[in-house]
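Here is the structure we will look at.
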Amino acid sequence: MPRELLPSELENFPSLDWSDIVPRLTPAVRCSLEKTLETQNGATLSLDESFALADSEGDDLLGLLTASNLLRAELAGNLVTYVVNRNINFTNICFVGCKFCAFSRGPRESDTYFLTPDQVAKKAVEAWQLGATEVCIQGGLPHGLPPFYYRDILRAVKNVTPRMHIHAFSPMEIVYGVELTGMPVGDYLSMLRDNGLNTLPGTAAEVLDDEVRAVLSRNKLSTAQWVEVIRTAHRCGIRSTSTMMYGHTETPAHWVRQMLLLREIQQETGGFTEFVPLGFVHQNTLLFHQGLARSGPTLAEHLKVHALSRLLLAGSINNTFKCRG
């Protein structure tokens with residue numbers, strides 16, 4: 001049995017020397033990590049090797065963390081950059097009913113709000129005046145949304161802040177917009193692009209496994225729909241982020257499969273700008289209070305997901321695929 005790591009060991013792993021940790025690794029994990037470091041390409045790992053890394057514990061986990069940190073430094077260096085951004089949630093009214101969400105409200109609750117396109121534009125102006133160069137615009141899905149509401153938001157924001165980068169509308173919102181307008185998804189995305197949409201948030205992904213998604217939210221778009229929207233957006237010249245929510249009902253095998261799916265899409269389109277791991281926040285969610293999920297990720301899981309993504313996504317399309325976090 002691998003020994004259980006102390007929190008202090010996890011927190012101090014960057015100080016570990018790779019040559020010191022190598023003799024403590026199991027042969028299979030050592031082989032996998034050395035192979036990835038030598039090639040700088042996550043595609044060199046088999047599915048079984050990837051599963052083994054995702055299940056690593058004890059010294060093998062420290063080895064995974066140390067190797068991924070070395071690879072990160074080699075591929076991306078130590079310079080950290082950031083974008084000054086303002087999040088604008090235009091409404092908290094939503095009919096989807098995701099069990100992991102503590103944000104949404106029913107239409108008759110007392111603390112609901114709904115912003116007009118002009119009100120969204122006003123917030124964009126405020127952001128620009130404070131130095132922001134990007135706005136991230138998303139919201140709940142209310143019944144009776146005007147069919148071209150998302151387009152009208154883009155027009156309003158671009159009209160008052162023409163140089164603002166607009167990062168807006170999850171694949172779930174795109175599917176809703178397609179339903180409202182009756183347009184094909186490619187035509188709908190092209191219309192949004194032509195009206196100012198620059199990039200798409202790769203949110204609404206959670207875990208891209210339909211059995212898990214049925215527990216998280218039965219009314220949400222399917223894995224196939226998420227993939228279709230993302231692939232179509234990339235073909236339309238709209239790049240996107242990608243995300244994964246972890247620490248609830250999923251297993252490490254789900255992490256691996258999702259990362260490999262994202263890698264496959266990236267190899268095909270080159271349209272992802274980054275991978276964003278999102279730890280499940282359990283407080284005030286039905287998912288946790290109904291006993292369907294654990295209370296968020298452990299420290300080891302946080303570190304493992306970030307490390308695993310650095311290894312499995314390495315080498316995707318000239319290393320343009322970055323891990324945020």
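Each chain of the structure tokens is named A, B, ... in the order shown, its residues numbered from 1; ligands are numbered from 1 in display order.
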Query raised in the report: If we count only C-alpha atoms, what is near region 77-86 of chain A at a cut-off of 12 Å, once residues fewer than 2 positions away on the same chain are taken out, given as an MDAnalysis selection string?
Result: chainID A and resid 69:75 88:89 120:121 123:138 164:168 322:325
**Report entry** For Pro117 (chain A): contacts at 10 Å, only C-alpha atoms, fewer than 6 positions along chain excluded, given as a ChimeraX atom specification
**Finding:** /A:90,149-157
Grab the residues selected above and save them as an mmCIF file, in the first residue's frame with C-alpha atoms.
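Below is the file result.cif, written as the result:
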```cif
data_model
loop_
_atom_site.group_PDB
_atom_site.id
_atom_site.type_symbol
_atom_site.label_atom_id
_atom_site.label_comp_id
_atom_site.auth_asym_id
_atom_site.auth_seq_id
_atom_site.Cartn_x
_atom_site.Cartn_y
_atom_site.Cartn_z
ATOM 1 C CA PHE A 90 -26.964 39.232 -17.216
ATOM 2 C CA TYR A 149 -31.048 38.605 -27.175
ATOM 3 C CA TYR A 150 -27.470 37.243 -27.287
ATOM 4 C CA ARG A 151 -26.831 38.986 -30.626
ATOM 5 C CA ASP A 152 -28.273 42.227 -29.261
ATOM 6 C CA ILE A 153 -25.939 42.086 -26.231
ATOM 7 C CA LEU A 154 -22.943 41.831 -28.567
ATOM 8 C CA ARG A 155 -24.121 44.756 -30.661
ATOM 9 C CA ALA A 156 -24.715 46.911 -27.595
ATOM 10 C CA VAL A 157 -21.303 46.182 -26.077
#
```
Requested in this report: Give me the residues within 10 Å of Thr91 (chain A) as a PyMOL selection string, counting only C-alpha atoms and dropping any in the same chain fewer than 2 places off.
Outcome: chain A and resi 88-89+93-94+103-105+112-116+138-142
With C-alpha atoms retained, write the just-selected residues as a PDB file, in the first residue's frame.
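Once everything was written out, this is part11.pdb:
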```
ATOM      1  CA  ILE A  88     -21.111  40.177 -16.382  1.00  0.00           C
ATOM      2  CA  ASN A  89     -23.925  37.775 -15.487  1.00  0.00           C
ATOM      3  CA  ILE A  93     -33.150  33.342 -13.651  1.00  0.00           C
ATOM      4  CA  CYS A  94     -32.778  29.815 -14.993  1.00  0.00           C
ATOM      5  CA  PHE A 103     -26.419  30.813  -8.438  1.00  0.00           C
ATOM      6  CA  SER A 104     -29.697  30.316 -10.294  1.00  0.00           C
ATOM      7  CA  ARG A 105     -33.124  31.477  -9.141  1.00  0.00           C
ATOM      8  CA  THR A 112     -33.878  37.770  -9.314  1.00  0.00           C
ATOM      9  CA  TYR A 113     -32.517  40.211 -11.881  1.00  0.00           C
ATOM     10  CA  PHE A 114     -32.428  40.547 -15.662  1.00  0.00           C
ATOM     11  CA  LEU A 115     -30.254  43.060 -17.538  1.00  0.00           C
ATOM     12  CA  THR A 116     -31.159  44.625 -20.858  1.00  0.00           C
ATOM     13  CA  GLN A 138     -22.914  34.562 -19.354  1.00  0.00           C
ATOM     14  CA  GLY A 139     -26.158  34.055 -17.491  1.00  0.00           C
ATOM     15  CA  GLY A 140     -29.018  31.809 -16.569  1.00  0.00           C
ATOM     16  CA  LEU A 141     -31.503  30.496 -19.111  1.00  0.00           C
ATOM     17  CA  PRO A 142     -34.913  32.078 -18.495  1.00  0.00           C
TER      18      PRO A 142
END
```
Using only C-alpha atoms, which residues of region 112-208 of chain A come within 12 Å of region 244-249 of chain A, and what is the closest atom pair for each, with the distance in Å to one decimal? Give it as a tab-separated table, sorted by chain and residue number.
```
residue	atom	partner	partner_atom	distance
A:Pro201	CA	A:Met244	CA	11.9
A:Gly202	CA	A:Met244	CA	9.0
A:Thr203	CA	A:Met244	CA	8.0
A:Ala204	CA	A:Met244	CA	8.8
A:Ala205	CA	A:Met244	CA	6.1
A:Glu206	CA	A:Met245	CA	4.5
A:Val207	CA	A:Met244	CA	5.8
A:Leu208	CA	A:Met244	CA	8.0
```
Export of prior selection with N, CA and C atoms as a PDB file, in the first residue's frame:
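Output (selection.pdb):
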```
ATOM      1  N   PRO A 201     -16.673  30.803 -24.017  1.00  0.00           N
ATOM      2  CA  PRO A 201     -16.299  30.045 -22.816  1.00  0.00           C
ATOM      3  C   PRO A 201     -16.628  28.557 -23.014  1.00  0.00           C
ATOM      4  N   GLY A 202     -15.693  27.710 -22.698  1.00  0.00           N
ATOM      5  CA  GLY A 202     -15.952  26.271 -22.798  1.00  0.00           C
ATOM      6  C   GLY A 202     -16.578  25.732 -21.536  1.00  0.00           C
ATOM      7  N   THR A 203     -17.499  26.498 -20.983  1.00  0.00           N
ATOM      8  CA  THR A 203     -18.200  26.094 -19.765  1.00  0.00           C
ATOM      9  C   THR A 203     -19.376  25.186 -20.138  1.00  0.00           C
ATOM     10  N   ALA A 204     -20.197  24.830 -19.148  1.00  0.00           N
ATOM     11  CA  ALA A 204     -21.292  23.864 -19.323  1.00  0.00           C
ATOM     12  C   ALA A 204     -20.765  22.477 -19.650  1.00  0.00           C
ATOM     13  N   ALA A 205     -19.444  22.283 -19.496  1.00  0.00           N
ATOM     14  CA  ALA A 205     -18.857  20.968 -19.762  1.00  0.00           C
ATOM     15  C   ALA A 205     -18.994  20.069 -18.537  1.00  0.00           C
ATOM     16  N   GLU A 206     -18.719  20.681 -17.324  1.00  0.00           N
ATOM     17  CA  GLU A 206     -18.707  19.877 -16.114  1.00  0.00           C
ATOM     18  C   GLU A 206     -17.877  18.613 -16.375  1.00  0.00           C
ATOM     19  N   VAL A 207     -18.500  17.444 -16.376  1.00  0.00           N
ATOM     20  CA  VAL A 207     -17.817  16.216 -16.786  1.00  0.00           C
ATOM     21  C   VAL A 207     -18.499  15.717 -18.051  1.00  0.00           C
ATOM     22  N   LEU A 208     -17.706  15.494 -19.091  1.00  0.00           N
ATOM     23  CA  LEU A 208     -18.259  15.112 -20.394  1.00  0.00           C
ATOM     24  C   LEU A 208     -18.488  13.602 -20.451  1.00  0.00           C
TER      25      LEU A 208
END
```
**Report entry** Which of region 192-246 of chain A fall in helix (DSSP H, G or I), as a list in words
**Finding:**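 Matching residues for helix (DSSP H, G or I) in region 192-246 of chain A are Leu192, Arg193, Asp194, Asp210, Glu211, Val212, Arg213, Ala214, Val215, Leu216, Thr223, Ala224, Gln225, Trp226, Val227, Glu228, Val229, Ile230, Arg231, Thr232, Ala233, His234 and Arg235 of chain A.
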Query - Shortest interatomic distance to Leu221 (chain A) - which of A:Ile174, A:Val281, A:Leu45, A:Leu37, counting only C-alpha atoms - result: A:Ile174
Report task. Determine the nearest neighbour of Arg3 (chain A) from the options A:Asp55, A:Glu34, A:Asp60, A:Asp20, counting only C-alpha atoms. Result -> A:Asp60
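Residues within 12 Å of Ala102 (chain A), counting only C-alpha atoms and excluding same-chain residues fewer than 3 positions away, are Asn92, Ile93, Cys94, Gly97, Cys98, Lys99, Arg105, Gly106, Gly140, Phe280, Val281, His282, Gln283, Asn284, Thr285, Leu286, Leu287, Phe288 and His289 of chain A.
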Report task. Between A:Pro14, A:Gly296, A:Pro7, A:Pro277, single out the one closest to Ala67 (chain A), counting only C-alpha atoms. Result ->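 Checking each candidate against Ala67 (chain A), we get A:Pro14 as the closest.
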Report task. Can you pull out every residue within 10 Å of Glu301 (chain A), counting only C-alpha atoms, but drop anything in the same chain fewer than 2 positions away, and send it as a ChimeraX atom specification? Result -> /A:54,246-247,252,279,296-299,303-307
Could you dump the residues just selected with N, CA and C atoms as a JSON list (two decimals), in the first residue's frame?
```
[["chain", "number", "residue", "atom", "x", "y", "z"],
["A", 54, "ALA", "N", -3.52, 8.91, -13.01],
["A", 54, "ALA", "CA", -4.67, 9.53, -12.35],
["A", 54, "ALA", "C", -4.97, 8.89, -11.00],
["A", 246, "TYR", "N", -14.57, 19.14, -11.15],
["A", 246, "TYR", "CA", -14.17, 17.90, -10.49],
["A", 246, "TYR", "C", -14.37, 18.03, -8.98],
["A", 247, "GLY", "N", -14.42, 16.87, -8.33],
["A", 247, "GLY", "CA", -14.58, 16.87, -6.87],
["A", 247, "GLY", "C", -16.00, 16.60, -6.41],
["A", 252, "PRO", "N", -11.34, 9.49, -11.13],
["A", 252, "PRO", "CA", -10.16, 9.86, -11.91],
["A", 252, "PRO", "C", -10.22, 9.39, -13.37],
["A", 279, "GLY", "N", -12.77, 23.34, -9.46],
["A", 279, "GLY", "CA", -13.12, 22.51, -8.31],
["A", 279, "GLY", "C", -14.57, 22.75, -7.88],
["A", 296, "GLY", "N", -16.45, 18.49, -2.32],
["A", 296, "GLY", "CA", -15.43, 19.17, -3.09],
["A", 296, "GLY", "C", -14.12, 18.41, -3.12],
["A", 297, "PRO", "N", -13.15, 18.87, -3.91],
["A", 297, "PRO", "CA", -11.88, 18.17, -4.06],
["A", 297, "PRO", "C", -10.99, 18.32, -2.84],
["A", 298, "THR", "N", -10.17, 17.32, -2.61],
["A", 298, "THR", "CA", -9.12, 17.41, -1.61],
["A", 298, "THR", "C", -7.94, 18.18, -2.19],
["A", 299, "LEU", "N", -6.99, 18.55, -1.34],
["A", 299, "LEU", "CA", -5.78, 19.20, -1.82],
["A", 299, "LEU", "C", -5.07, 18.31, -2.83],
["A", 303, "LEU", "N", -4.23, 19.24, -6.88],
["A", 303, "LEU", "CA", -2.89, 19.17, -7.45],
["A", 303, "LEU", "C", -2.82, 18.12, -8.56],
["A", 304, "LYS", "N", -3.49, 16.99, -8.33],
["A", 304, "LYS", "CA", -3.43, 15.90, -9.30],
["A", 304, "LYS", "C", -4.09, 16.28, -10.63],
["A", 305, "VAL", "N", -5.24, 16.93, -10.56],
["A", 305, "VAL", "CA", -5.93, 17.33, -11.80],
["A", 305, "VAL", "C", -5.09, 18.31, -12.60],
["A", 306, "HIS", "N", -4.50, 19.28, -11.93],
["A", 306, "HIS", "CA", -3.66, 20.24, -12.64],
["A", 306, "HIS", "C", -2.43, 19.55, -13.23],
["A", 307, "ALA", "N", -1.80, 18.68, -12.46],
["A", 307, "ALA", "CA", -0.62, 17.98, -12.93],
["A", 307, "ALA", "C", -0.95, 17.07, -14.11]]
```
Report task. Name the residues of region 101-301 of chain A that fall into strand (DSSP E) according to DSSP on the backbone, using the chain letters and numbers of this document, as a PyMOL selection string. Result -> chain A and resi 134-138+165-168+199-200+239-246+272-279
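Ranking A:Glu228, A:Glu49, A:Asp59, A:Asp111 by their shortest atom-to-atom distance to Leu308 (chain A), with only C-alpha atoms included, puts A:Glu49 first.
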**Report entry** Distance in Å - CA of Gln290 (chain A) versus CA of Val212 (chain A)
**Finding:**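 So the answer is 15.3 Å.
Nearest to Gly237 (chain A) of all the residues A:Val276, A:Leu192, A:Leu262, A:Leu216 is A:Leu192, based on only C-alpha atoms.
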Report task. Please provide as a PyMOL selection string all residues within 8 Å of Leu200 (chain A), with the sequence filter that same-chain residues fewer than 2 positions apart are discarded (counting only C-alpha atoms). Result -> chain A and resi 167-171+197-198+202+233+238-241
Query raised in the report: With only C-alpha atoms as the atoms that count, which of A:Val215, A:Ala224, A:Leu5, A:Leu189 lies nearest to Phe100 (chain A)?
Result: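 For Phe100 (chain A), the nearest of the candidates is A:Val215.
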